$ cat coords-v3.pdb   # PDB, C-alpha atoms and all ligand atoms
ATOM      1  CA  MET A 273     157.248  -8.053 134.890
ATOM      2  CA  PRO A 274     156.249  -7.177 138.479
ATOM      3  CA  ASP A 275     152.889  -5.496 139.049
ATOM      4  CA  LEU A 276     153.510  -1.739 138.967
ATOM      5  CA  GLN A 277     150.777  -0.845 141.444
ATOM      6  CA  ALA A 278     152.110  -3.386 143.956
ATOM      7  CA  VAL A 279     155.684  -2.116 143.571
ATOM      8  CA  VAL A 280     154.561   1.497 144.050
ATOM      9  CA  GLN A 281     152.583   0.543 147.170
ATOM     10  CA  GLU A 282     155.563  -1.298 148.632
ATOM     11  CA  ILE A 283     157.852   1.657 147.999
ATOM     12  CA  ALA A 284     155.374   4.098 149.580
ATOM     13  CA  ALA A 285     155.046   1.860 152.643
ATOM     14  CA  GLU A 286     158.818   1.565 153.028
ATOM     15  CA  MET A 287     159.410   5.295 152.602
ATOM     16  CA  ALA A 288     156.705   6.198 155.146
ATOM     17  CA  GLN A 289     158.613   4.246 157.778
ATOM     18  CA  ARG A 290     162.223   5.175 157.148
ATOM     19  CA  PRO A 291     163.783   7.308 159.878
ATOM     20  CA  ASP A 292     166.329   9.004 157.579
ATOM     21  CA  ARG A 293     164.354  11.838 156.023
ATOM     22  CA  GLY A 294     166.954  14.492 155.130
ATOM     23  CA  GLU A 295     166.565  18.189 155.910
ATOM     24  CA  VAL A 296     163.849  20.426 154.469
ATOM     25  CA  ALA A 297     165.105  23.528 152.639
ATOM     26  CA  HIS A 298     165.608  26.303 155.186
ATOM     27  CA  TYR A 299     166.774  29.129 152.971
ATOM     28  CA  ILE A 300     163.210  29.669 151.703
ATOM     29  CA  PRO A 301     161.328  30.208 154.999
ATOM     30  CA  GLU A 302     158.001  29.000 153.639
ATOM     31  CA  LEU A 303     159.521  25.655 152.568
ATOM     32  CA  ALA A 304     161.087  25.174 156.015
ATOM     33  CA  ARG A 305     157.551  24.684 157.383
ATOM     34  CA  VAL A 306     156.741  21.607 155.286
ATOM     35  CA  ASP A 307     156.366  18.306 157.183
ATOM     36  CA  PRO A 308     159.308  15.985 156.346
ATOM     37  CA  GLN A 309     157.125  12.944 157.076
ATOM     38  CA  LEU A 310     155.200  13.421 153.821
ATOM     39  CA  PHE A 311     155.926  11.126 150.892
ATOM     40  CA  GLY A 312     154.174  10.806 147.552
ATOM     41  CA  ILE A 313     154.719   8.862 144.329
ATOM     42  CA  ALA A 314     152.838   8.730 141.021
ATOM     43  CA  VAL A 315     153.790   6.650 137.999
ATOM     44  CA  ILE A 316     151.888   6.929 134.722
ATOM     45  CA  ASP A 317     152.639   4.138 132.268
ATOM     46  CA  ALA A 318     152.529   4.224 128.471
ATOM     47  CA  ASP A 319     148.840   3.287 128.438
ATOM     48  CA  GLY A 320     147.952   6.140 130.778
ATOM     49  CA  ARG A 321     147.372   3.971 133.831
ATOM     50  CA  ALA A 322     148.370   5.728 137.058
ATOM     51  CA  ALA A 323     149.953   3.854 139.965
ATOM     52  CA  VAL A 324     150.046   6.098 143.021
ATOM     53  CA  GLY A 325     151.125   5.809 146.629
ATOM     54  CA  GLY A 326     151.341   7.885 149.805
ATOM     55  CA  ASP A 327     150.631  11.614 149.486
ATOM     56  CA  ALA A 328     150.384  11.553 145.679
ATOM     57  CA  ASP A 329     147.523  14.055 145.683
ATOM     58  CA  VAL A 330     148.997  16.623 148.077
ATOM     59  CA  PRO A 331     150.297  19.746 146.280
ATOM     60  CA  PHE A 332     153.898  20.796 146.900
ATOM     61  CA  SER A 333     156.204  23.522 145.612
ATOM     62  CA  ILE A 334     157.715  22.223 142.366
ATOM     63  CA  GLN A 335     160.617  24.714 142.548
ATOM     64  CA  SER A 336     163.359  23.773 140.062
ATOM     65  CA  ILE A 337     161.262  21.103 138.363
ATOM     66  CA  SER A 338     159.574  24.088 136.679
ATOM     67  CA  LYS A 339     162.890  24.600 134.831
ATOM     68  CA  VAL A 340     162.160  21.614 132.572
ATOM     69  CA  PHE A 341     158.977  23.302 131.411
ATOM     70  CA  THR A 342     160.430  26.801 131.035
ATOM     71  CA  LEU A 343     163.264  25.254 128.987
ATOM     72  CA  THR A 344     160.644  23.585 126.775
ATOM     73  CA  LEU A 345     158.827  26.898 126.301
ATOM     74  CA  ALA A 346     161.985  28.932 125.602
ATOM     75  CA  LEU A 347     163.186  26.386 123.019
ATOM     76  CA  GLY A 348     159.772  26.636 121.389
ATOM     77  CA  MET A 349     160.168  30.412 121.200
ATOM     78  CA  ILE A 350     163.725  30.879 119.934
ATOM     79  CA  GLY A 351     164.950  27.344 119.146
ATOM     80  CA  ASP A 352     168.679  26.671 119.156
ATOM     81  CA  ARG A 353     169.470  30.370 119.537
ATOM     82  CA  LEU A 354     168.854  29.692 123.231
ATOM     83  CA  TRP A 355     172.291  28.053 123.384
ATOM     84  CA  GLN A 356     173.959  31.424 122.846
ATOM     85  CA  ARG A 357     172.631  32.401 126.269
ATOM     86  CA  VAL A 358     173.117  29.195 128.232
ATOM     87  CA  GLY A 359     175.399  26.137 127.980
ATOM     88  CA  ARG A 360     174.722  22.406 128.074
ATOM     89  CA  GLU A 361     177.418  21.075 130.391
ATOM     90  CA  PRO A 362     177.039  19.751 133.935
ATOM     91  CA  SER A 363     178.305  22.334 136.398
ATOM     92  CA  GLY A 364     179.771  20.167 139.149
ATOM     93  CA  ASN A 365     178.769  23.014 141.454
ATOM     94  CA  PRO A 366     175.800  23.679 143.756
ATOM     95  CA  PHE A 367     172.554  24.880 142.171
ATOM     96  CA  ASN A 368     173.021  28.481 143.266
ATOM     97  CA  SER A 369     176.739  28.824 142.503
ATOM     98  CA  ILE A 370     178.141  31.990 140.944
ATOM     99  CA  VAL A 371     181.805  30.964 140.408
ATOM    100  CA  GLN A 372     181.658  29.839 136.776
ATOM    101  CA  LEU A 373     179.857  32.945 135.585
ATOM    102  CA  GLU A 374     182.936  35.163 135.704
ATOM    103  CA  ARG A 375     185.120  32.795 133.707
ATOM    104  CA  GLU A 376     182.415  32.143 131.138
ATOM    105  CA  ARG A 377     181.380  35.741 130.477
ATOM    106  CA  GLY A 378     178.078  35.519 132.259
ATOM    107  CA  VAL A 379     176.892  32.461 130.285
ATOM    108  CA  PRO A 380     175.612  29.853 132.755
ATOM    109  CA  ARG A 381     176.717  26.251 132.421
ATOM    110  CA  ASN A 382     173.279  24.728 131.813
ATOM    111  CA  PRO A 383     169.554  25.609 131.949
ATOM    112  CA  PHE A 384     168.917  23.818 135.250
ATOM    113  CA  ILE A 385     171.250  25.588 137.664
ATOM    114  CA  ASN A 386     169.680  28.775 139.001
ATOM    115  CA  ALA A 387     171.722  31.126 136.796
ATOM    116  CA  GLY A 388     170.799  29.133 133.685
ATOM    117  CA  ALA A 389     167.144  28.975 134.587
ATOM    118  CA  ILE A 390     167.054  32.733 135.217
ATOM    119  CA  ALA A 391     168.569  33.270 131.726
ATOM    120  CA  VAL A 392     165.896  30.964 130.249
ATOM    121  CA  THR A 393     163.147  32.828 132.122
ATOM    122  CA  ASP A 394     164.536  36.074 130.731
ATOM    123  CA  VAL A 395     163.990  34.721 127.202
ATOM    124  CA  ILE A 396     160.368  33.880 127.989
ATOM    125  CA  ALA A 397     159.768  37.200 129.761
ATOM    126  CA  SER A 398     161.361  39.304 127.045
ATOM    127  CA  GLY A 399     158.997  41.946 125.681
ATOM    128  CA  HIS A 400     156.122  40.972 127.958
ATOM    129  CA  GLN A 401     154.690  42.117 131.229
ATOM    130  CA  PRO A 402     155.664  39.642 134.010
ATOM    131  CA  ARG A 403     152.007  38.795 134.524
ATOM    132  CA  GLU A 404     151.620  37.744 130.863
ATOM    133  CA  SER A 405     154.730  35.534 130.894
ATOM    134  CA  LEU A 406     153.692  33.919 134.123
ATOM    135  CA  GLY A 407     150.211  33.312 132.752
ATOM    136  CA  GLU A 408     151.751  31.596 129.749
ATOM    137  CA  ILE A 409     153.930  29.319 131.909
ATOM    138  CA  LEU A 410     151.028  28.461 134.194
ATOM    139  CA  ARG A 411     148.678  27.727 131.280
ATOM    140  CA  PHE A 412     151.332  25.450 129.770
ATOM    141  CA  MET A 413     151.545  23.485 133.025
ATOM    142  CA  GLN A 414     147.761  23.309 133.320
ATOM    143  CA  SER A 415     147.347  22.045 129.778
ATOM    144  CA  LEU A 416     150.090  19.413 130.114
ATOM    145  CA  ALA A 417     148.682  18.221 133.435
ATOM    146  CA  ARG A 418     145.140  18.563 132.044
ATOM    147  CA  ASP A 419     144.137  20.361 135.206
ATOM    148  CA  PRO A 420     143.115  24.036 135.160
ATOM    149  CA  THR A 421     143.134  24.252 138.966
ATOM    150  CA  ILE A 422     146.960  24.324 139.217
ATOM    151  CA  THR A 423     148.084  27.608 140.790
ATOM    152  CA  ILE A 424     151.069  29.500 142.113
ATOM    153  CA  ASP A 425     151.619  29.572 145.875
ATOM    154  CA  GLY A 426     151.928  33.308 146.465
ATOM    155  CA  ALA A 427     153.323  32.864 149.990
ATOM    156  CA  VAL A 428     156.220  30.741 148.675
ATOM    157  CA  ALA A 429     156.967  33.219 145.876
ATOM    158  CA  ALA A 430     156.949  36.147 148.333
ATOM    159  CA  SER A 431     159.108  34.216 150.788
ATOM    160  CA  GLU A 432     161.672  33.516 148.106
ATOM    161  CA  LYS A 433     161.633  37.044 146.794
ATOM    162  CA  ARG A 434     162.250  38.389 150.282
ATOM    163  CA  THR A 435     165.273  36.154 150.852
ATOM    164  CA  GLY A 436     166.505  35.698 147.267
ATOM    165  CA  PHE A 437     169.706  37.721 147.571
ATOM    166  CA  ARG A 438     171.788  35.077 145.821
ATOM    167  CA  ASN A 439     169.445  34.791 142.831
ATOM    168  CA  THR A 440     169.299  38.586 142.628
ATOM    169  CA  ALA A 441     173.106  38.654 142.537
ATOM    170  CA  LEU A 442     173.187  36.003 139.776
ATOM    171  CA  ALA A 443     170.657  37.925 137.687
ATOM    172  CA  ASN A 444     172.472  41.242 138.094
ATOM    173  CA  TYR A 445     175.800  39.646 137.254
ATOM    174  CA  MET A 446     174.385  38.127 134.057
ATOM    175  CA  LYS A 447     172.742  41.443 133.222
ATOM    176  CA  SER A 448     176.185  43.087 133.350
ATOM    177  CA  PHE A 449     177.262  40.750 130.516
ATOM    178  CA  GLY A 450     174.039  41.234 128.546
ATOM    179  CA  VAL A 451     173.018  37.580 129.097
ATOM    180  CA  VAL A 452     169.938  38.801 130.950
ATOM    181  CA  GLU A 453     168.352  41.363 128.640
ATOM    182  CA  GLY A 454     165.138  42.440 130.338
ATOM    183  CA  PRO A 455     164.657  44.388 133.577
ATOM    184  CA  VAL A 456     166.199  42.218 136.334
ATOM    185  CA  ASP A 457     163.234  42.636 138.668
ATOM    186  CA  TYR A 458     160.785  41.514 135.945
ATOM    187  CA  THR A 459     162.834  38.413 135.110
ATOM    188  CA  LEU A 460     163.317  37.511 138.772
ATOM    189  CA  GLY A 461     159.651  38.083 139.524
ATOM    190  CA  VAL A 462     158.675  35.566 136.838
ATOM    191  CA  TYR A 463     161.391  33.148 137.990
ATOM    192  CA  PHE A 464     160.360  33.194 141.669
ATOM    193  CA  HIS A 465     156.730  32.705 140.740
ATOM    194  CA  HIS A 466     157.221  29.794 138.340
ATOM    195  CA  CYS A 467     159.351  28.080 141.003
ATOM    196  CA  ALA A 468     156.393  28.548 143.376
ATOM    197  CA  ILE A 469     153.890  26.633 141.209
ATOM    198  CA  ALA A 470     152.228  24.025 143.433
ATOM    199  CA  MET A 471     151.428  20.609 141.982
ATOM    200  CA  THR A 472     150.768  17.079 143.151
ATOM    201  CA  CYS A 473     152.815  14.034 142.134
ATOM    202  CA  ARG A 474     149.901  12.895 139.979
ATOM    203  CA  GLN A 475     149.697  16.237 138.153
ATOM    204  CA  LEU A 476     153.455  16.402 137.660
ATOM    205  CA  ALA A 477     153.724  12.856 136.304
ATOM    206  CA  THR A 478     150.897  13.686 133.885
ATOM    207  CA  ALA A 479     152.641  16.872 132.785
ATOM    208  CA  GLY A 480     155.902  14.999 132.107
ATOM    209  CA  ARG A 481     154.409  12.387 129.783
ATOM    210  CA  TYR A 482     155.540  14.126 126.581
ATOM    211  CA  LEU A 483     159.157  13.587 127.663
ATOM    212  CA  ALA A 484     158.590   9.851 128.043
ATOM    213  CA  HIS A 485     156.852   9.516 124.680
ATOM    214  CA  SER A 486     159.012  11.233 122.057
ATOM    215  CA  GLY A 487     157.531  14.690 122.588
ATOM    216  CA  ARG A 488     153.919  13.598 122.180
ATOM    217  CA  ASP A 489     151.308  13.577 124.914
ATOM    218  CA  PRO A 490     149.799  10.108 124.462
ATOM    219  CA  ALA A 491     146.542  11.184 126.135
ATOM    220  CA  THR A 492     145.710  13.740 123.470
ATOM    221  CA  GLY A 493     147.990  12.702 120.598
ATOM    222  CA  TYR A 494     149.135  16.328 120.633
ATOM    223  CA  SER A 495     152.796  16.917 119.823
ATOM    224  CA  VAL A 496     154.243  19.168 122.544
ATOM    225  CA  VAL A 497     157.764  19.205 121.071
ATOM    226  CA  PRO A 498     159.462  17.352 118.188
ATOM    227  CA  ALA A 499     160.891  13.949 119.205
ATOM    228  CA  GLU A 500     164.435  15.212 118.826
ATOM    229  CA  ARG A 501     163.809  18.022 121.291
ATOM    230  CA  ALA A 502     162.305  15.679 123.867
ATOM    231  CA  LYS A 503     165.392  13.486 123.536
ATOM    232  CA  ARG A 504     167.648  16.473 124.129
ATOM    233  CA  ILE A 505     165.714  17.748 127.140
ATOM    234  CA  ASN A 506     165.989  14.242 128.608
ATOM    235  CA  ALA A 507     169.745  14.274 127.989
ATOM    236  CA  LEU A 508     170.054  17.550 129.899
ATOM    237  CA  MET A 509     167.938  16.168 132.737
ATOM    238  CA  LEU A 510     170.231  13.160 132.979
ATOM    239  CA  THR A 511     173.470  15.161 132.953
ATOM    240  CA  CYS A 512     172.405  18.311 134.824
ATOM    241  CA  GLY A 513     169.022  17.691 136.490
ATOM    242  CA  HIS A 514     170.427  17.088 139.972
ATOM    243  CA  TYR A 515     173.225  19.693 140.018
ATOM    244  CA  ASP A 516     176.405  18.271 141.549
ATOM    245  CA  GLY A 517     174.399  15.171 142.485
ATOM    246  CA  SER A 518     173.644  14.357 138.813
ATOM    247  CA  GLY A 519     176.326  11.679 138.546
ATOM    248  CA  GLU A 520     175.100   9.930 141.676
ATOM    249  CA  PHE A 521     171.485  10.069 140.474
ATOM    250  CA  ALA A 522     172.433   8.536 137.092
ATOM    251  CA  TYR A 523     174.516   5.902 138.868
ATOM    252  CA  ARG A 524     171.762   4.890 141.265
ATOM    253  CA  VAL A 525     168.534   5.537 139.357
ATOM    254  CA  GLY A 526     169.559   5.528 135.701
ATOM    255  CA  LEU A 527     166.850   7.848 134.403
ATOM    256  CA  PRO A 528     166.673  11.478 133.281
ATOM    257  CA  GLY A 529     165.344  13.369 136.289
ATOM    258  CA  LYS A 530     164.848  16.888 137.572
ATOM    259  CA  SER A 531     164.758  17.747 141.241
ATOM    260  CA  GLY A 532     163.502  20.779 143.135
ATOM    261  CA  VAL A 533     164.246  22.043 146.651
ATOM    262  CA  GLY A 534     160.592  21.455 147.519
ATOM    263  CA  GLY A 535     161.603  17.765 147.566
ATOM    264  CA  GLY A 536     160.024  16.742 144.272
ATOM    265  CA  ILE A 537     161.658  14.820 141.432
ATOM    266  CA  LEU A 538     160.245  14.316 137.938
ATOM    267  CA  ALA A 539     161.824  11.288 136.250
ATOM    268  CA  VAL A 540     161.365   9.919 132.757
ATOM    269  CA  ALA A 541     161.543   6.270 131.702
ATOM    270  CA  PRO A 542     161.558   6.711 127.909
ATOM    271  CA  GLY A 543     158.768   4.760 126.205
ATOM    272  CA  LYS A 544     157.644   3.385 129.553
ATOM    273  CA  ALA A 545     156.520   5.893 132.146
ATOM    274  CA  SER A 546     156.511   9.382 133.587
ATOM    275  CA  ILE A 547     157.213   9.392 137.312
ATOM    276  CA  ALA A 548     156.929  11.991 140.078
ATOM    277  CA  VAL A 549     158.051  11.502 143.649
ATOM    278  CA  TRP A 550     157.966  13.878 146.571
ATOM    279  CA  ALA A 551     159.710  13.741 149.945
ATOM    280  CA  PRO A 552     160.518  17.199 151.377
ATOM    281  CA  GLY A 553     163.792  16.263 153.153
ATOM    282  CA  LEU A 554     166.894  16.961 151.071
ATOM    283  CA  ASP A 555     170.423  15.575 150.851
ATOM    284  CA  ALA A 556     173.583  17.698 150.923
ATOM    285  CA  ALA A 557     173.255  18.589 147.210
ATOM    286  CA  GLY A 558     169.682  19.869 147.718
ATOM    287  CA  ASN A 559     167.978  16.871 146.092
ATOM    288  CA  SER A 560     165.191  14.849 147.711
ATOM    289  CA  HIS A 561     166.803  12.196 149.895
ATOM    290  CA  LEU A 562     163.968   9.658 149.980
ATOM    291  CA  GLY A 563     162.783  10.662 146.516
ATOM    292  CA  ARG A 564     166.025   9.393 145.071
ATOM    293  CA  ILE A 565     165.936   6.204 147.108
ATOM    294  CA  ALA A 566     162.325   5.557 146.032
ATOM    295  CA  LEU A 567     163.271   5.998 142.365
ATOM    296  CA  GLU A 568     166.251   3.691 142.809
ATOM    297  CA  ARG A 569     163.912   1.013 144.156
ATOM    298  CA  LEU A 570     161.408   1.572 141.346
ATOM    299  CA  THR A 571     163.872   1.393 138.450
ATOM    300  CA  LYS A 572     165.503  -1.664 139.939
ATOM    301  CA  ARG A 573     162.229  -3.549 140.443
ATOM    302  CA  MET A 574     160.832  -2.595 137.017
ATOM    303  CA  SER A 575     164.190  -2.857 135.143
ATOM    304  CA  TRP A 576     163.610   0.684 133.870
ATOM    305  CA  SER A 577     167.134   2.100 134.020
ATOM    306  CA  ILE A 578     168.132   3.400 130.579
ATOM    307  CA  PHE A 579     171.489   1.698 131.112
ATOM    308  CA  GLY A 580     170.107  -1.858 131.334
ATOM    309  CA  ASP A 581     169.106  -4.229 134.125
TER     310      ASP A 581
HETATM  311  N1  LIG A 601     163.544  28.640 143.596
HETATM  312  C1  LIG A 601     164.730  27.950 144.056
HETATM  313  C2  LIG A 601     165.913  28.885 144.065
HETATM  314  O1  LIG A 601     166.016  29.685 143.182
HETATM  315  C3  LIG A 601     164.965  26.790 143.156
HETATM  316  C4  LIG A 601     166.166  25.971 143.546
HETATM  317  C5  LIG A 601     165.942  24.508 143.434
HETATM  318  O2  LIG A 601     164.831  24.003 143.431
HETATM  319  N2  LIG A 601     167.017  23.778 143.426
HETATM  320  O3  LIG A 601     166.762  28.853 144.924
END
$ encode --input "coords-v3.pdb" --output "structure tokens"
Amino acid sequence: MPDLQAVVQEIAAEMAQRPDRGEVAHYIPELARVDPQLFGIAVIDADGRAAVGGDADVPFSIQSISKVFTLTLALGMIGDRLWQRVGREPSGNPFNSIVQLERERGVPRNPFINAGAIAVTDVIASGHQPRESLGEILRFMQSLARDPTITIDGAVAASEKRTGFRNTALANYMKSFGVVEGPVDYTLGVYFHHCAIAMTCRQLATAGRYLAHSGRDPATGYSVVPAERAKRINALMLTCGHYDGSGEFAYRVGLPGKSGVGGGILAVAPGKASIAVWAPGLDAAGNSHLGRIALERLTKRMSWSIFGD
């Protein structure tokens, strides 16, 4: 088995030099200002050893990666009743698409496209003040990452709120079918803010460990979710975690993974490691361009693909 730290260092060195960096997200003005030269990677193995490279300790906007954690929270609150509000099928459409909502009576295809994540946020926000729900999401992230300093980047949240016409349309459309139940502006406020949580690769890889270890955080022994639920969240990450790039990600990387337009990806090697990469430049589907390539290198070198060598 190759030395993990050496492999991670090699990958970080290669990624720092590559000229093809993708395009940073422009539709959220605050994200358009991030330097596309940045690259970070953190891998935490089953024994809790961290192998890190590049800008692994620089915070970035986790964006849609937060949807893995809001899904975990919403399932903890209402269990399988969640599936009356959101489906479990890949969408084959861009992350912010509205087309399927009309045909499917306002029920989004899966919890990771924007419409689905807004419906999930609505479940968490239901009956609470936005500030309380947001506090709960943030505390969950802090406890998983074992770092109380994690915060929300208010400038990113405000930037997205100001320009979030598409998400506002999705939320209103779902509200018209009763799929969003609470006040649309409350639900969207919580959604924009949880997308704007800022974390480092190291913090994110730490937070994702329960998914790699049958629902249990090996650092504390604390069961975050039952093993069956962790398995199912991983299945959704594999099939839907990269929107209409999910097939390509499974083909090349072979791990459950969730991307965000901030350029981060959280990937899970079951029983082996929790992995976070960050490279702000995106591909055409809105997934991190170099992040995916780095993960492809890593799974190949470590033989970590869930599909075999
Ligand atoms: N906050 C972003 C949005 O709603 C999340 C999208 C993403 O990361 N793919 O557009």
$ residues_near_ligand --input "coords-v3.pdb" --ligand "ligand LIG 601 (chain A)" --cutoff "8 Å" --atoms "only C-alpha atoms and all ligand atoms" --output "mmCIF file with C-alpha atoms, keeping the file's coordinate frame"
data_model
loop_
_atom_site.group_PDB
_atom_site.id
_atom_site.type_symbol
_atom_site.label_atom_id
_atom_site.label_comp_id
_atom_site.auth_asym_id
_atom_site.auth_seq_id
_atom_site.Cartn_x
_atom_site.Cartn_y
_atom_site.Cartn_z
ATOM 1 C CA ILE A 300 163.210 29.669 151.703
ATOM 2 C CA ILE A 334 157.715 22.223 142.366
ATOM 3 C CA GLN A 335 160.617 24.714 142.548
ATOM 4 C CA SER A 336 163.359 23.773 140.062
ATOM 5 C CA ILE A 337 161.262 21.103 138.363
ATOM 6 C CA PHE A 367 172.554 24.880 142.171
ATOM 7 C CA ASN A 368 173.021 28.481 143.266
ATOM 8 C CA ILE A 385 171.250 25.588 137.664
ATOM 9 C CA ASN A 386 169.680 28.775 139.001
ATOM 10 C CA GLU A 432 161.672 33.516 148.106
ATOM 11 C CA GLY A 436 166.505 35.698 147.267
ATOM 12 C CA ASN A 439 169.445 34.791 142.831
ATOM 13 C CA TYR A 463 161.391 33.148 137.990
ATOM 14 C CA PHE A 464 160.360 33.194 141.669
ATOM 15 C CA CYS A 467 159.351 28.080 141.003
ATOM 16 C CA ALA A 468 156.393 28.548 143.376
ATOM 17 C CA SER A 531 164.758 17.747 141.241
ATOM 18 C CA GLY A 532 163.502 20.779 143.135
ATOM 19 C CA VAL A 533 164.246 22.043 146.651
ATOM 20 C CA GLY A 534 160.592 21.455 147.519
ATOM 21 C CA GLY A 558 169.682 19.869 147.718
ATOM 22 C CA ASN A 559 167.978 16.871 146.092
#
$ axis_aligned_box --input "coords-v3.pdb" --around "stretch 462-468 of chain A" --padding-each-side "8 Å" --output "JSON"
{"center_x": 158.9, "center_y": 31.8, "center_z": 140.1, "size_x": 21.0, "size_y": 23.5, "size_z": 22.5}
$ closest_residue --input "coords-v3.pdb" --among "A:Ser333, A:Ser560, A:Ser546, A:Thr393" --to "A:Ala427" --atoms "all atoms listed in the file"
A:Ser333
$ atom_distance --input "coords-v3.pdb" --atom1 "atom CA of A:Gly487" --atom2 "atom CA of A:Glu500"
7.9 Å
$ closest_residue --input "coords-v3.pdb" --among "A:Ala566, A:Ala551, A:Val379, A:Ala556" --to "A:Phe332" --atoms "only C-alpha atoms"
A:Ala551
$ residues_near_point --input "coords-v3.pdb" --point "(161.4, 3.0, 142.1)" --cutoff "10 Å" --atoms "all atoms listed in the file" --output "MDAnalysis selection string"
chainID A and resid 276 279:280 282:284 313 315 525 547 549 563:577
$ write_last_selection --input "coords-v3.pdb" --atoms "C-alpha atoms" --output "PDB file, keeping the file's coordinate frame"
ATOM      1  CA  LEU A 276     153.510  -1.739 138.967  1.00  0.00           C
ATOM      2  CA  VAL A 279     155.684  -2.116 143.571  1.00  0.00           C
ATOM      3  CA  VAL A 280     154.561   1.497 144.050  1.00  0.00           C
ATOM      4  CA  GLU A 282     155.563  -1.298 148.632  1.00  0.00           C
ATOM      5  CA  ILE A 283     157.852   1.657 147.999  1.00  0.00           C
ATOM      6  CA  ALA A 284     155.374   4.098 149.580  1.00  0.00           C
ATOM      7  CA  ILE A 313     154.719   8.862 144.329  1.00  0.00           C
ATOM      8  CA  VAL A 315     153.790   6.650 137.999  1.00  0.00           C
ATOM      9  CA  VAL A 525     168.534   5.537 139.357  1.00  0.00           C
ATOM     10  CA  ILE A 547     157.213   9.392 137.312  1.00  0.00           C
ATOM     11  CA  VAL A 549     158.051  11.502 143.649  1.00  0.00           C
ATOM     12  CA  GLY A 563     162.783  10.662 146.516  1.00  0.00           C
ATOM     13  CA  ARG A 564     166.025   9.393 145.071  1.00  0.00           C
ATOM     14  CA  ILE A 565     165.936   6.204 147.108  1.00  0.00           C
ATOM     15  CA  ALA A 566     162.325   5.557 146.032  1.00  0.00           C
ATOM     16  CA  LEU A 567     163.271   5.998 142.365  1.00  0.00           C
ATOM     17  CA  GLU A 568     166.251   3.691 142.809  1.00  0.00           C
ATOM     18  CA  ARG A 569     163.912   1.013 144.156  1.00  0.00           C
ATOM     19  CA  LEU A 570     161.408   1.572 141.346  1.00  0.00           C
ATOM     20  CA  THR A 571     163.872   1.393 138.450  1.00  0.00           C
ATOM     21  CA  LYS A 572     165.503  -1.664 139.939  1.00  0.00           C
ATOM     22  CA  ARG A 573     162.229  -3.549 140.443  1.00  0.00           C
ATOM     23  CA  MET A 574     160.832  -2.595 137.017  1.00  0.00           C
ATOM     24  CA  SER A 575     164.190  -2.857 135.143  1.00  0.00           C
ATOM     25  CA  TRP A 576     163.610   0.684 133.870  1.00  0.00           C
ATOM     26  CA  SER A 577     167.134   2.100 134.020  1.00  0.00           C
TER      27      SER A 577
END
$ residues_around --input "coords-v3.pdb" --residues "A:Leu416" --least-positions-apart "2" --cutoff "9 Å" --atoms "all atoms listed in the file" --output "NGL selection string"
:A and (411-414 or 418-419 or 475-476 or 478-482 or 489 or 496)
$ resolve_selection --input "coords-v3.pdb" --expression "the PyMOL selection byres (((chain A and resi 397) around 12) and not hetatm)" --output "PDB file with C-alpha atoms, keeping the file's coordinate frame"
ATOM      1  CA  THR A 342     160.430  26.801 131.035  1.00  0.00           C
ATOM      2  CA  LEU A 345     158.827  26.898 126.301  1.00  0.00           C
ATOM      3  CA  ALA A 346     161.985  28.932 125.602  1.00  0.00           C
ATOM      4  CA  MET A 349     160.168  30.412 121.200  1.00  0.00           C
ATOM      5  CA  ILE A 390     167.054  32.733 135.217  1.00  0.00           C
ATOM      6  CA  ALA A 391     168.569  33.270 131.726  1.00  0.00           C
ATOM      7  CA  VAL A 392     165.896  30.964 130.249  1.00  0.00           C
ATOM      8  CA  THR A 393     163.147  32.828 132.122  1.00  0.00           C
ATOM      9  CA  ASP A 394     164.536  36.074 130.731  1.00  0.00           C
ATOM     10  CA  VAL A 395     163.990  34.721 127.202  1.00  0.00           C
ATOM     11  CA  ILE A 396     160.368  33.880 127.989  1.00  0.00           C
ATOM     12  CA  SER A 398     161.361  39.304 127.045  1.00  0.00           C
ATOM     13  CA  GLY A 399     158.997  41.946 125.681  1.00  0.00           C
ATOM     14  CA  HIS A 400     156.122  40.972 127.958  1.00  0.00           C
ATOM     15  CA  GLN A 401     154.690  42.117 131.229  1.00  0.00           C
ATOM     16  CA  PRO A 402     155.664  39.642 134.010  1.00  0.00           C
ATOM     17  CA  ARG A 403     152.007  38.795 134.524  1.00  0.00           C
ATOM     18  CA  GLU A 404     151.620  37.744 130.863  1.00  0.00           C
ATOM     19  CA  SER A 405     154.730  35.534 130.894  1.00  0.00           C
ATOM     20  CA  LEU A 406     153.692  33.919 134.123  1.00  0.00           C
ATOM     21  CA  GLY A 407     150.211  33.312 132.752  1.00  0.00           C
ATOM     22  CA  GLU A 408     151.751  31.596 129.749  1.00  0.00           C
ATOM     23  CA  ILE A 409     153.930  29.319 131.909  1.00  0.00           C
ATOM     24  CA  VAL A 452     169.938  38.801 130.950  1.00  0.00           C
ATOM     25  CA  GLU A 453     168.352  41.363 128.640  1.00  0.00           C
ATOM     26  CA  GLY A 454     165.138  42.440 130.338  1.00  0.00           C
ATOM     27  CA  PRO A 455     164.657  44.388 133.577  1.00  0.00           C
ATOM     28  CA  VAL A 456     166.199  42.218 136.334  1.00  0.00           C
ATOM     29  CA  ASP A 457     163.234  42.636 138.668  1.00  0.00           C
ATOM     30  CA  TYR A 458     160.785  41.514 135.945  1.00  0.00           C
ATOM     31  CA  THR A 459     162.834  38.413 135.110  1.00  0.00           C
ATOM     32  CA  LEU A 460     163.317  37.511 138.772  1.00  0.00           C
ATOM     33  CA  GLY A 461     159.651  38.083 139.524  1.00  0.00           C
ATOM     34  CA  VAL A 462     158.675  35.566 136.838  1.00  0.00           C
ATOM     35  CA  TYR A 463     161.391  33.148 137.990  1.00  0.00           C
ATOM     36  CA  HIS A 466     157.221  29.794 138.340  1.00  0.00           C
TER      37      HIS A 466
END
$ residues_around --input "coords-v3.pdb" --residues "A:Ile370" --least-positions-apart "5" --cutoff "12 Å" --atoms "all atoms listed in the file" --output "number ranges by chain"
A: 363, 365, 375-381, 385-388, 438-446
